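J.: Sharing query-v5.cif, mmCIF, C-alpha atoms:
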data_model
loop_
_atom_site.label_atom_id
_atom_site.label_comp_id
_atom_site.auth_asym_id
_atom_site.auth_seq_id
_atom_site.Cartn_x
_atom_site.Cartn_y
_atom_site.Cartn_z
CA MET A 1 23.79 -7.11 102.93
CA ASN A 2 25.76 -10.08 104.19
CA GLN A 3 27.30 -12.74 102.00
CA THR A 4 24.74 -15.37 102.98
CA ASN A 5 21.91 -13.19 101.70
CA CYS A 6 23.73 -12.49 98.42
CA HIS A 7 24.22 -16.20 97.85
CA SER A 8 20.61 -16.97 98.66
CA ILE A 9 19.48 -14.31 96.12
CA ARG A 10 21.80 -15.88 93.56
CA ASP A 11 20.50 -19.37 94.37
CA SER A 12 16.88 -18.29 94.14
CA LEU A 13 17.58 -16.49 90.84
CA VAL A 14 19.21 -19.62 89.45
CA GLY A 15 16.17 -21.59 90.58
CA PHE A 16 13.82 -19.05 89.00
CA LEU A 17 15.72 -19.06 85.70
CA GLY A 18 15.78 -22.85 85.76
CA GLU A 19 12.01 -22.93 86.11
CA GLU A 20 11.24 -20.11 83.71
CA ILE A 21 13.52 -21.04 80.82
CA ARG A 22 11.21 -23.18 78.74
CA VAL A 23 12.00 -25.50 75.91
CA ILE A 24 9.95 -26.80 73.01
CA GLU A 25 11.23 -29.80 71.11
CA SER A 26 10.49 -30.42 67.47
CA GLU A 27 11.84 -32.47 64.58
CA ASP A 28 13.99 -29.53 63.46
CA GLY A 29 15.60 -28.86 66.83
CA CYS A 30 14.62 -26.98 69.97
CA VAL A 31 13.21 -23.61 70.80
CA LEU A 32 14.28 -22.06 74.08
CA VAL A 33 12.18 -19.37 75.67
CA LEU A 34 13.89 -16.90 77.98
CA PRO A 35 11.99 -15.31 80.89
CA SER A 36 13.02 -11.77 79.88
CA LYS A 37 10.62 -9.64 77.80
CA THR A 38 10.97 -7.85 74.50
CA LEU A 39 9.62 -4.30 74.17
CA ASP A 40 6.48 -5.62 72.51
CA ASP A 41 5.76 -7.90 75.44
CA ARG A 42 7.03 -11.17 74.03
CA HIS A 43 9.53 -13.63 75.40
CA PRO A 44 12.63 -14.10 73.24
CA ALA A 45 12.45 -17.43 71.42
CA ILE A 46 15.80 -18.91 70.43
CA PHE A 47 15.88 -21.64 67.84
CA VAL A 48 18.69 -24.20 68.14
CA ASP A 49 19.24 -26.45 65.11
CA GLN A 50 21.84 -29.18 65.28
CA ARG A 51 23.46 -29.23 61.86
CA MET A 52 26.28 -31.70 62.59
CA ASP A 53 27.42 -33.74 65.55
CA ASP A 54 29.22 -30.78 67.10
CA TYR A 55 27.85 -27.88 65.12
CA PHE A 56 24.73 -25.88 65.93
CA LEU A 57 22.95 -22.99 64.29
CA VAL A 58 21.39 -20.74 66.91
CA HIS A 59 18.98 -18.16 65.48
CA ASP A 60 15.73 -16.24 65.88
CA ALA A 61 14.05 -17.67 62.74
CA GLY A 62 13.75 -14.10 61.49
CA LYS A 63 11.16 -13.34 64.18
CA THR A 64 12.66 -10.02 65.29
CA ALA A 65 12.62 -8.55 61.79
CA ALA A 66 9.24 -10.19 61.06
CA GLU A 67 7.65 -8.80 64.23
CA LEU A 68 8.96 -5.32 63.48
CA TYR A 69 7.63 -5.62 59.92
CA ALA A 70 4.27 -6.88 61.19
CA GLN A 71 4.01 -3.90 63.52
CA GLY A 72 4.84 -1.31 60.90
CA VAL A 73 8.62 -0.95 61.15
CA HIS A 74 10.43 -1.84 57.94
CA ILE A 75 14.01 -3.01 57.96
CA THR A 76 15.70 -0.21 56.03
CA ASP A 77 19.37 -0.23 55.07
CA THR A 78 20.17 1.96 58.09
CA ARG A 79 18.32 -0.36 60.47
CA GLU A 80 19.96 -3.40 58.89
CA GLU A 81 23.35 -1.78 59.42
CA ALA A 82 22.48 -1.05 63.06
CA PHE A 83 21.34 -4.65 63.53
CA SER A 84 24.59 -5.96 62.05
CA GLU A 85 26.67 -3.75 64.29
CA MET A 86 24.65 -4.66 67.39
CA ALA A 87 24.82 -8.37 66.58
CA GLU A 88 28.57 -8.21 66.05
CA ARG A 89 29.09 -6.57 69.43
CA LEU A 90 27.02 -9.28 71.08
CA GLY A 91 28.79 -12.14 69.31
CA ALA A 92 26.20 -12.88 66.62
CA VAL A 93 25.55 -11.88 63.01
CA PHE A 94 22.49 -10.39 61.31
CA SER A 95 22.19 -12.03 57.95
CA LYS A 96 19.23 -12.72 55.60
CA GLY A 97 16.90 -11.02 58.08
CA MET A 98 17.93 -13.23 61.01
CA PHE A 99 20.10 -12.98 64.08
CA GLN A 100 22.25 -16.08 64.09
CA VAL A 101 25.35 -17.74 65.46
CA GLY A 102 27.04 -20.91 64.23
CA CYS A 103 28.86 -22.64 67.08
CA ASN A 104 29.99 -25.89 68.57
CA ARG A 105 28.65 -27.41 71.79
CA ALA A 106 31.16 -25.63 74.00
CA ASP A 107 29.90 -22.21 72.87
CA LEU A 108 26.20 -23.04 72.79
CA HIS A 109 25.24 -21.18 75.98
CA GLN A 110 26.95 -17.98 74.91
CA ALA A 111 25.32 -18.23 71.49
CA ILE A 112 21.84 -18.70 72.98
CA LEU A 113 22.27 -15.68 75.25
CA ALA A 114 23.70 -13.59 72.39
CA VAL A 115 20.71 -14.27 70.12
CA GLY A 116 18.31 -13.70 73.03
CA GLN A 117 19.92 -10.34 73.71
CA CYS A 118 19.75 -9.40 70.01
CA GLU A 119 16.02 -10.23 70.02
CA SER A 120 15.36 -8.06 73.07
CA LEU A 121 17.45 -5.12 71.93
CA GLY A 122 16.32 -5.38 68.32
CA MET A 123 12.77 -4.45 69.21
CA TRP A 124 13.79 -0.97 70.40
CA HIS A 125 12.82 0.30 66.93
CA ILE A 126 9.21 -0.23 67.93
CA LEU A 127 9.44 2.66 70.40
CA GLY A 128 9.58 5.26 67.66
CA HIS A 129 6.67 3.82 65.71
CA LYS A 130 3.44 5.83 65.62
CA PRO A 131 0.28 5.48 63.52
CA ASP A 132 0.40 7.59 60.36
CA PHE A 133 -2.84 9.50 59.93
CA SER A 134 -1.61 11.18 56.77
CA ASP A 135 -1.76 7.78 55.09
CA GLU A 136 -4.83 8.46 52.97
CA PRO A 137 -6.45 6.61 50.05
CA ILE A 138 -5.76 8.25 46.69
CA PHE A 139 -9.51 8.23 46.07
CA SER A 140 -10.05 10.65 48.98
CA ARG A 141 -7.24 12.93 47.82
CA VAL A 142 -8.61 12.99 44.29
CA GLU A 143 -12.14 13.61 45.53
CA ARG A 144 -10.98 16.55 47.62
CA SER A 145 -9.08 18.11 44.74
CA VAL A 146 -11.87 17.60 42.18
CA ARG A 147 -14.36 19.18 44.55
CA ALA A 148 -11.94 22.02 45.32
CA TRP A 149 -11.50 22.77 41.61
CA ASN A 150 -12.77 26.21 40.83
CA ALA A 151 -14.27 25.52 37.41
CA PRO A 152 -14.67 28.53 35.05
CA TYR A 153 -18.39 27.71 34.85
CA GLU A 154 -21.01 26.25 37.17
CA ASN A 155 -20.47 22.51 37.59
CA ARG A 156 -21.50 19.50 39.65
CA VAL A 157 -19.09 16.69 40.59
CA GLU A 158 -20.38 13.16 41.01
CA PRO A 159 -18.39 10.19 42.29
CA ARG A 160 -18.45 6.66 40.81
CA VAL A 161 -20.41 7.38 37.67
CA SER A 162 -21.45 4.25 35.85
CA VAL A 163 -21.71 4.38 32.03
CA GLN A 164 -22.99 1.76 29.60
CA GLY A 165 -20.56 0.82 26.83
CA GLY A 166 -21.29 -1.32 23.77
CA ASN A 167 -20.76 -4.51 25.75
CA SER A 168 -20.19 -3.70 29.41
CA LYS A 169 -20.76 -1.19 32.15
CA HIS A 170 -17.81 0.97 33.18
CA VAL A 171 -17.23 3.27 36.12
CA PHE A 172 -15.52 6.65 36.15
CA ASP A 173 -14.28 7.61 39.60
CA PHE A 174 -15.44 11.21 39.21
CA VAL A 175 -17.30 13.16 36.57
CA SER A 176 -17.67 16.92 36.37
CA PHE A 177 -21.00 17.88 34.80
CA PRO A 178 -21.55 21.47 33.60
CA VAL A 179 -24.72 23.05 34.95
CA HIS A 180 -26.84 25.30 32.69
CA VAL A 181 -23.91 25.86 30.30
CA PRO A 182 -23.03 24.06 27.08
CA ARG A 183 -19.60 22.91 28.21
CA GLU A 184 -17.94 19.53 28.13
CA VAL A 185 -18.42 16.82 30.69
CA ILE A 186 -15.00 15.78 32.11
CA ALA A 187 -14.46 12.23 33.34
CA LEU A 188 -11.70 11.18 35.71
CA LYS A 189 -10.36 7.68 36.20
CA ILE A 190 -7.86 6.59 38.87
CA LEU A 191 -5.54 3.88 37.59
CA ARG A 192 -3.57 1.78 40.04
CA PRO A 193 -0.92 -0.56 38.62
CA GLY A 194 -1.96 -3.54 40.76
CA ASP A 195 -0.23 -6.84 40.23
CA ASP A 196 0.32 -6.28 36.52
CA PRO A 197 0.28 -2.74 35.05
CA ILE A 198 -0.05 -3.85 31.42
CA SER A 199 -3.32 -5.65 32.16
CA LYS A 200 -4.60 -2.52 33.94
CA ALA A 201 -3.71 -0.48 30.87
CA LYS A 202 -5.55 -2.99 28.69
CA GLU A 203 -8.61 -2.80 30.96
CA TYR A 204 -8.56 0.96 30.49
CA GLY A 205 -8.13 0.41 26.76
CA TYR A 206 -11.22 -1.79 26.77
CA LEU A 207 -13.19 0.96 28.51
CA ALA A 208 -12.07 3.46 25.86
CA LEU A 209 -12.97 1.14 22.97
CA ASP A 210 -16.24 -0.03 24.47
CA ILE A 211 -17.65 3.48 24.90
CA ARG A 212 -16.87 4.40 21.31
CA ALA A 213 -19.99 5.33 19.39
CA THR A 214 -21.72 6.24 22.64
CA GLN A 215 -22.24 9.75 24.05
CA TYR A 216 -19.52 9.02 26.63
CA GLU A 217 -16.84 8.97 23.97
CA GLN A 218 -17.21 12.75 23.78
CA TRP A 219 -16.26 13.19 27.45
CA PRO A 220 -12.61 14.29 27.77
CA ARG A 221 -10.86 11.76 30.03
CA LEU A 222 -8.31 12.55 32.72
CA ALA A 223 -6.37 9.48 33.89
CA VAL A 224 -4.64 9.68 37.28
CA MET A 225 -1.93 7.01 37.41
CA THR A 226 -0.59 6.07 40.84
CA LYS A 227 2.78 4.46 41.59
CA VAL A 228 3.91 5.57 38.18
CA GLU A 229 7.40 4.12 38.67
CA THR A 230 5.92 0.62 38.50
CA TRP A 231 4.11 1.09 35.18
CA SER A 232 5.97 -0.18 32.13
CA LYS A 233 6.61 2.15 29.19
CA ASN A 234 4.08 0.23 27.06
CA ALA A 235 1.40 0.46 29.71
CA ARG A 236 1.94 4.19 30.16
CA GLU A 237 1.79 4.77 26.42
CA ILE A 238 -1.52 2.93 26.11
CA ILE A 239 -3.05 5.14 28.80
CA GLN A 240 -1.55 8.34 27.40
CA ARG A 241 -2.89 7.55 23.91
CA LEU A 242 -6.39 6.86 25.20
CA SER A 243 -6.70 9.87 27.51
CA SER A 244 -7.19 13.58 26.94
CA ALA A 245 -4.71 14.18 29.76
CA THR A 246 -2.83 12.17 32.36
CA ILE A 247 -1.43 12.84 35.80
CA GLU A 248 1.38 10.51 36.82
CA VAL A 249 2.12 10.29 40.52
CA GLU A 250 5.05 8.48 42.08
CA THR A 251 4.78 6.49 45.31
CA GLY A 252 5.10 8.84 48.28
CA GLU A 253 4.18 11.85 46.15
CA GLU A 254 0.41 11.32 46.33
CA GLU A 255 -0.12 14.72 47.92
CA ALA A 256 0.84 16.27 44.59
CA VAL A 257 -2.50 15.28 43.03
CA GLU A 258 -4.15 18.00 45.09
CA THR A 259 -2.38 20.70 43.09
CA LEU A 260 -2.03 18.84 39.79
CA ILE A 261 -5.70 17.94 39.34
CA PRO A 262 -7.12 21.49 39.49
CA GLN A 263 -4.35 22.64 37.10
CA LYS A 264 -5.08 19.87 34.63
CA LEU A 265 -8.83 20.39 34.86
CA ASP A 266 -8.28 24.11 34.16
CA GLU A 267 -6.36 23.21 31.01
CA MET A 268 -9.03 20.73 29.91
CA ALA A 269 -11.84 23.22 30.54
CA ALA A 270 -10.07 26.11 28.80
CA MET B 1 -13.67 11.88 55.61
CA PRO B 2 -12.18 11.68 59.12
CA SER B 3 -8.40 11.26 59.12
CA ASN B 4 -8.54 8.79 62.02
CA LEU B 5 -10.29 5.61 60.90
CA PHE B 6 -9.40 3.54 63.97
CA PRO B 7 -12.99 3.78 65.31
CA PHE B 8 -14.01 1.68 62.25
CA THR B 9 -11.38 -1.00 62.80
CA ALA B 10 -13.75 -3.68 64.09
CA ARG B 11 -15.99 -3.18 61.05
CA ILE B 12 -13.04 -3.32 58.63
CA VAL B 13 -11.60 -6.43 60.27
CA SER B 14 -14.95 -8.22 60.08
CA GLU B 15 -15.46 -7.44 56.37
CA VAL B 16 -13.89 -9.19 53.40
CA LYS B 17 -10.99 -7.12 52.12
CA TYR B 18 -9.85 -7.47 48.51
CA PHE B 19 -6.20 -7.08 47.45
CA ASP B 20 -5.36 -6.94 43.76
CA ILE B 21 -2.56 -9.51 43.78
CA SER B 22 -2.64 -13.23 43.10
CA ARG B 23 -1.60 -15.91 45.55
CA ASP B 24 1.04 -17.20 43.15
CA GLU B 25 2.57 -13.74 42.90
CA MET B 26 2.68 -13.53 46.71
CA VAL B 27 4.44 -16.88 46.92
CA ARG B 28 6.95 -15.77 44.27
CA GLN B 29 7.70 -12.56 46.19
CA LEU B 30 8.08 -14.47 49.46
CA GLN B 31 10.44 -16.97 47.89
CA ALA B 32 12.51 -14.20 46.32
CA GLY B 33 12.75 -11.70 49.17
CA GLY B 34 10.99 -13.15 52.21
CA ASN B 35 8.48 -10.29 52.43
CA VAL B 36 5.31 -9.11 50.72
CA GLU B 37 3.76 -5.71 51.11
CA THR B 38 0.64 -4.83 49.20
CA GLU B 39 -2.09 -2.28 49.72
CA THR B 40 -5.71 -1.70 48.88
CA GLU B 41 -8.36 0.95 49.29
CA HIS B 42 -11.14 -0.77 51.15
CA PRO B 43 -14.55 0.89 50.77
CA PHE B 44 -16.97 0.68 53.69
CA VAL B 45 -20.00 2.49 55.06
CA ASP B 46 -20.65 3.67 58.60
CA ASP B 47 -23.88 3.25 60.57
CA PHE B 48 -25.35 6.29 58.81
CA SER B 49 -24.56 4.98 55.31
CA ASN B 50 -21.73 7.46 54.79
CA GLU B 51 -19.18 6.03 52.38
CA PHE B 52 -15.50 5.86 53.30
CA ALA B 53 -12.35 4.24 52.00
CA ALA B 54 -9.52 2.97 54.17
CA LEU B 55 -6.00 2.50 52.90
CA LEU B 56 -5.05 -0.94 54.15
CA ARG B 57 -1.67 -2.63 53.93
CA LEU B 58 -1.01 -6.32 54.07
CA ASN B 59 2.43 -7.42 55.23
CA ILE B 60 3.68 -10.98 55.17
CA SER B 61 7.11 -12.05 56.29
CA CYS B 62 8.41 -15.59 55.70
CA LYS B 63 12.19 -15.32 55.70
CA HIS B 64 13.31 -18.49 57.41
CA GLU B 65 12.20 -21.97 56.36
CA ASP B 66 10.77 -22.56 59.85
CA ALA B 67 7.12 -21.49 59.73
CA ARG B 68 7.24 -20.42 63.37
CA GLY B 69 9.15 -17.32 62.30
CA TRP B 70 6.43 -16.24 59.86
CA THR B 71 4.04 -13.33 60.40
CA ILE B 72 1.12 -11.75 58.63
CA SER B 73 -0.44 -8.44 59.51
CA LEU B 74 -3.14 -6.11 58.27
CA LYS B 75 -2.40 -2.45 58.85
CA LEU B 76 -4.46 0.70 59.02
CA HIS B 77 -2.60 4.01 59.33
CA LYS B 78 0.56 1.83 59.20
CA GLU B 79 -0.43 0.26 62.53
CA ARG B 80 -1.22 -3.45 62.88
CA VAL B 81 -4.96 -3.94 63.41
CA ASP B 82 -5.09 -7.69 62.78
CA GLY B 83 -2.50 -10.42 62.34
CA ILE B 84 -1.27 -13.90 63.01
CA ASP B 85 2.06 -15.16 64.30
CA TRP B 86 3.65 -17.76 66.54
CA GLU B 87 5.06 -17.41 70.02
CA PRO B 88 6.36 -20.21 72.21
CA TYR B 89 4.59 -18.74 75.20
CA PHE B 90 2.06 -15.95 75.72
CA ILE B 91 -0.87 -14.87 77.87
CA ASP B 92 -4.11 -15.25 75.92
CA GLN B 93 -7.25 -13.10 75.97
CA THR B 94 -8.59 -14.97 79.02
CA GLY B 95 -5.43 -14.39 81.04
CA SER B 96 -4.33 -18.01 80.71
CA ARG B 97 -0.90 -19.18 79.66
CA SER B 98 -0.92 -20.36 76.09
CA PHE B 99 1.52 -21.21 73.32
CA GLY B 100 1.79 -21.41 69.55
CA TRP B 101 -0.14 -19.70 66.77
CA HIS B 102 -2.42 -16.84 67.71
CA ARG B 103 -4.28 -13.90 66.26
CA HIS B 104 -3.64 -10.32 67.33
CA VAL B 105 -6.97 -8.69 68.07
CA TRP B 106 -7.49 -4.93 67.93
CA ASN B 107 -8.06 -3.22 71.27
CA GLN B 108 -9.91 0.01 70.54
CA LYS B 109 -9.35 1.44 74.00
CA HIS B 110 -5.57 1.08 73.88
CA ARG B 111 -5.42 1.46 70.09
CA THR B 112 -3.18 -1.54 69.59
CA ALA B 113 -3.34 -5.17 68.51
CA LYS B 114 -0.23 -6.01 70.48
CA SER B 115 -1.69 -7.33 73.68
CA ILE B 116 -4.89 -9.28 72.95
CA LYS B 117 -3.81 -12.65 71.61
CA VAL B 118 -6.33 -15.34 70.72
CA PRO B 119 -5.05 -18.85 69.91
CA VAL B 120 -5.87 -20.04 66.37
CA ASP B 121 -6.11 -23.61 65.13
CA GLY B 122 -4.96 -25.06 61.85
CA PHE B 123 -1.44 -23.64 61.63
CA ASP B 124 0.62 -26.27 63.45
CA ASP B 125 1.10 -28.38 60.34
CA VAL B 126 1.83 -25.46 58.03
CA ARG B 127 5.06 -26.19 56.17
CA THR B 128 4.96 -24.11 53.01
CA ARG B 129 4.51 -20.41 52.37
CA GLU B 130 1.50 -21.15 50.20
CA GLU B 131 -0.21 -23.11 53.00
CA PHE B 132 0.49 -20.24 55.38
CA ILE B 133 -1.00 -17.70 52.98
CA ILE B 134 -4.12 -19.78 52.32
CA ARG B 135 -4.89 -20.33 55.99
CA ALA B 136 -3.92 -16.89 57.24
CA LEU B 137 -5.86 -15.00 54.56
CA LYS B 138 -8.96 -17.07 55.25
CA GLU B 139 -8.69 -16.25 58.94
CA LEU B 140 -8.18 -12.55 58.24
CA ARG B 141 -11.02 -12.47 55.66
CA ILE B 142 -8.78 -11.32 52.85
CA ALA B 143 -9.56 -12.11 49.22
CA LEU B 144 -7.00 -12.03 46.43
CA SER B 145 -7.11 -11.74 42.65
CA LYS B 146 -7.80 -15.05 40.94
CA VAL B 147 -5.79 -13.97 37.93
CA ASP B 148 -2.08 -14.57 37.98
CA TYR B 149 -0.54 -12.43 35.26
CA GLU B 150 2.95 -13.86 35.41
CA SER B 151 2.29 -16.40 32.65
CA ASP B 152 0.89 -13.65 30.39
CA LYS B 153 3.90 -11.40 30.63
CA LEU B 154 5.80 -10.89 27.42
CA PRO B 155 9.31 -9.55 27.05
CA PHE B 156 9.60 -5.75 26.67
CA ASN B 157 6.20 -5.12 28.29
#
What would you get if you wrote out this structure as structure tokens?
T.:
Amino acid sequence: MNQTNCHSIRDSLVGFLGEEIRVIESEDGCVLVLPSKTLDDRHPAIFVDQRMDDYFLVHDAGKTAAELYAQGVHITDTREEAFSEMAERLGAVFSKGMFQVGCNRADLHQAILAVGQCESLGMWHILGHKPDFSDEPIFSRVERSVRAWNAPYENRVEPRVSVQGGNSKHVFDFVSFPVHVPREVIALKILRPGDDPISKAKEYGYLALDIRATQYEQWPRLAVMTKVETWSKNAREIIQRLSSATIEVETGEEEAVETLIPQKLDEMAA
Amino acid sequence: MPSNLFPFTARIVSEVKYFDISRDEMVRQLQAGGNVETETEHPFVDDFSNEFAALLRLNISCKHEDARGWTISLKLHKERVDGIDWEPYFIDQTGSRSFGWHRHVWNQKHRTAKSIKVPVDGFDDVRTREEFIIRALKELRIALSKVDYESDKLPFN
């Protein structure tokens, strides 16, 4: 290829970049959009905030980390470390979830390109992400294990059994009814900590108090507590006091209910 | 229950999903750490009245003060099936060039919500995390708990 051709390619590339680099102005500063693509088919957006006369903060507004998070990739300590190392090599920093560079006007171009490169490279984590089909509701796991329980007598399991208390209706997630044998009915309640575990424990306490003096009080109760590490000691004690037995499952250990429930039901039916 | 619930995504997206967390608690978590992750078991029925439950996660990220860096996504099987974010430039669902706030729409054929982007109105003047949550949750048909327990919490609980 002769020199003239090389220069014309360079000139046309410069022209292309000139046309394709877009800018959006706002009260806070500008956003530059580069024509390259990230791995999730976006264009890197670089935010330039003028903080002083000759001082700029160039950053990604946390978009790289936020897009990864939105698409199922969490920023773990290892990933954060990798981001920091990558940013450092490219002349930026990764801090507070953002790629950023503080610079003066003379270094602005380098800073913009550095953040743009961090945004493009940062999305490589998305390549390893796959849907997780083992991610199953606890209700389904509990249902499977209750139905798989080999009771020492003939029984029938029913889901979402509604019972009338003194003041309100309550729902047990599963109830095992003995068939043709004078054995106890066993009720099972799944307790999730929600926003505030103590209030969940109190709700359960209300159920227990409200069914007093009804036939349902006689049903032994098995409470399955999920995310047990988030329950306070008080909340756990309330549930333990008001249940015949409890199963406490930590986050990520939900599979364990499938062995624990049949064991606990065996003990309760013994 | 089938392990792959993606065939029900359109139904789940169109229904109201309830998450047991208050809006105030979300705002507190966003102000403290920039992210919120919460989950729910969403019950639904198929066309034959079979009952199912889907484990759904809601992720919100609002790290920087600039709202244009904020994202919200609803996930099934840890994969985004619905969401809202901002891009300075993108190709919308009609193939036209567009810009700004948009919703990620689930594509059942390609099993992703990455590529179909539909512009959404009402986000350009969002300035606070609370405004973002209110508008985004309405768009995504997500309901939250009305009860904020923070004020009820006592020491040693």
J.: I would like the residues chosen by the PyMOL selection byres ((chain A) within 7 of (chain B)) on the shown file; could you give them as a PyMOL selection string?
T.: chain A and resi 33+45+61-63+66-67+70-72+97+131-133+135-137+194-196+232+234
J.: What is the distance, in Å and to one decimal place, between CA of Phe44 (chain B) and CA of Lys17 (chain B)?
T.: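 Computing it gives 10.0 Å between the two atoms.
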J.: Using the chain letters and numbers from the file, which residues does the PyMOL selection byres ((chain A and resi 186) around 12) grab, as a ChimeraX atom specification?
T.: /A:146,151,155-158,161,172-178,183-185,187-189,216-223,243-245,261,264-270
J.: If you count all atoms listed in the file, which residues fall within 7 Å of region 120-128 of chain A, apart from same-chain ones fewer than 4 positions away, as a ChimeraX atom specification?
T.: /A:37-39,44,64,68,73,83,116
J.: So what do you get for CA of Leu34 (chain A) versus CA of Lys130 (chain A), distance-wise?
T.: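 Atom-to-atom, CA of Leu34 (chain A) and CA of Lys130 (chain A) are spaced 27.9 Å apart.
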J.: My list of candidates is B:Ile134, B:Arg28, B:Lys109, B:Trp101. Which is closest to Asp121 (chain B) when distances are computed with only C-alpha atoms?
T.: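 Of the candidates, the smallest distance to Asp121 (chain B) is held by B:Trp101.
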J.: If you measure from CA of Ser14 (chain B) to CA of His104 (chain B), what distance in Å do you get, rounded to one decimal?
T.: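 Interatomic distance here is 13.6 Å.
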J.: Which residues fall under the PyMOL selection byres ((chain B and resi 118) around 8) in this file, as a list of chain:residue names?
T.: B:Asp92, B:Gln93, B:His102, B:Arg103, B:His104, B:Val105, B:Ile116, B:Lys117, B:Pro119, B:Val120
J.: Mind writing the picked residues with C-alpha atoms as an mmCIF file, in the frame of the given file?
T.:
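Writing the result to again-v6.cif gives the following:
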data_model
loop_
_atom_site.group_PDB
_atom_site.id
_atom_site.type_symbol
_atom_site.label_atom_id
_atom_site.label_comp_id
_atom_site.auth_asym_id
_atom_site.auth_seq_id
_atom_site.Cartn_x
_atom_site.Cartn_y
_atom_site.Cartn_z
ATOM 1 C CA ASP B 92 -4.110 -15.250 75.920
ATOM 2 C CA GLN B 93 -7.250 -13.100 75.970
ATOM 3 C CA HIS B 102 -2.420 -16.840 67.710
ATOM 4 C CA ARG B 103 -4.280 -13.900 66.260
ATOM 5 C CA HIS B 104 -3.640 -10.320 67.330
ATOM 6 C CA VAL B 105 -6.970 -8.690 68.070
ATOM 7 C CA ILE B 116 -4.890 -9.280 72.950
ATOM 8 C CA LYS B 117 -3.810 -12.650 71.610
ATOM 9 C CA PRO B 119 -5.050 -18.850 69.910
ATOM 10 C CA VAL B 120 -5.870 -20.040 66.370
#
J.: Nearest residue to Ile190 (chain A) out of A:Pro159, A:Pro35, A:Gly91, A:Pro262, using only C-alpha atoms?
T.: A:Pro159
J.: For Glu88 (chain A), list every protein, DNA or RNA residue within 10 Å, evaluated using all atoms listed in the file, and leave out those in the same chain fewer than 4 positions away; present the list as a PyMOL selection string.
T.: chain A and resi 82-84+92-94+99+114+118
J.: With C-alpha atoms retained, export the selected residues as a compact mmCIF listing (two decimals), in the frame of the given file.
T.:
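Full text of part19.txt as output:
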# COMPACT_ATOMS: atom_id res chain seq x y z
CA ALA A 82 22.48 -1.05 63.06
CA PHE A 83 21.34 -4.65 63.53
CA SER A 84 24.59 -5.96 62.05
CA ALA A 92 26.20 -12.88 66.62
CA VAL A 93 25.55 -11.88 63.01
CA PHE A 94 22.49 -10.39 61.31
CA PHE A 99 20.10 -12.98 64.08
CA ALA A 114 23.70 -13.59 72.39
CA CYS A 118 19.75 -9.40 70.01
J.: Skipping near chain neighbours, those fewer than 2 positions away, what residues fall within 6 Å of Tyr18 (chain B) using all atoms listed in the file, listed as number ranges by chain?
T.: B: 142-144
J.: Of the candidates A:Asp41, A:Asp60, A:Glu258, A:Glu143, which one gets nearest to Ile112 (chain A) if we count all atoms listed in the file?
T.: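 Checking each of A:Asp41, A:Asp60, A:Glu258, A:Glu143 against Ile112 (chain A), counting all atoms listed in the file, the winner is A:Asp60.
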J.: Just so I have it separately, write region 45-72 of chain A from the block I sent, keeping C-alpha atoms, as a PDB file, in the first residue's frame.
T.:
ATOM      1  CA  ALA A  45     -20.444   7.364  27.490  1.00  0.00           C
ATOM      2  CA  ILE A  46     -17.831   9.547  29.153  1.00  0.00           C
ATOM      3  CA  PHE A  47     -18.965  12.220  31.560  1.00  0.00           C
ATOM      4  CA  VAL A  48     -16.793  15.340  31.791  1.00  0.00           C
ATOM      5  CA  ASP A  49     -17.489  17.640  34.758  1.00  0.00           C
ATOM      6  CA  GLN A  50     -15.579  20.883  35.062  1.00  0.00           C
ATOM      7  CA  ARG A  51     -14.867  21.276  38.759  1.00  0.00           C
ATOM      8  CA  MET A  52     -12.568  24.322  38.579  1.00  0.00           C
ATOM      9  CA  ASP A  53     -11.231  26.579  35.870  1.00  0.00           C
ATOM     10  CA  ASP A  54      -8.519  24.110  34.926  1.00  0.00           C
ATOM     11  CA  TYR A  55      -9.644  20.964  36.673  1.00  0.00           C
ATOM     12  CA  PHE A  56     -11.966  18.317  35.257  1.00  0.00           C
ATOM     13  CA  LEU A  57     -13.403  15.096  36.577  1.00  0.00           C
ATOM     14  CA  VAL A  58     -13.772  12.564  33.782  1.00  0.00           C
ATOM     15  CA  HIS A  59     -15.828   9.504  34.742  1.00  0.00           C
ATOM     16  CA  ASP A  60     -18.392   6.910  33.688  1.00  0.00           C
ATOM     17  CA  ALA A  61     -21.036   7.916  36.285  1.00  0.00           C
ATOM     18  CA  GLY A  62     -20.839   4.361  37.597  1.00  0.00           C
ATOM     19  CA  LYS A  63     -22.485   3.046  34.421  1.00  0.00           C
ATOM     20  CA  THR A  64     -20.080   0.158  33.851  1.00  0.00           C
ATOM     21  CA  ALA A  65     -20.622  -1.301  37.316  1.00  0.00           C
ATOM     22  CA  ALA A  66     -24.348  -0.467  37.167  1.00  0.00           C
ATOM     23  CA  GLU A  67     -24.806  -2.161  33.779  1.00  0.00           C
ATOM     24  CA  LEU A  68     -22.981  -5.264  34.985  1.00  0.00           C
ATOM     25  CA  TYR A  69     -25.146  -5.283  38.121  1.00  0.00           C
ATOM     26  CA  ALA A  70     -28.299  -4.799  36.043  1.00  0.00           C
ATOM     27  CA  GLN A  71     -27.348  -7.751  33.865  1.00  0.00           C
ATOM     28  CA  GLY A  72     -26.613 -10.111  36.727  1.00  0.00           C
TER      29      GLY A  72
END
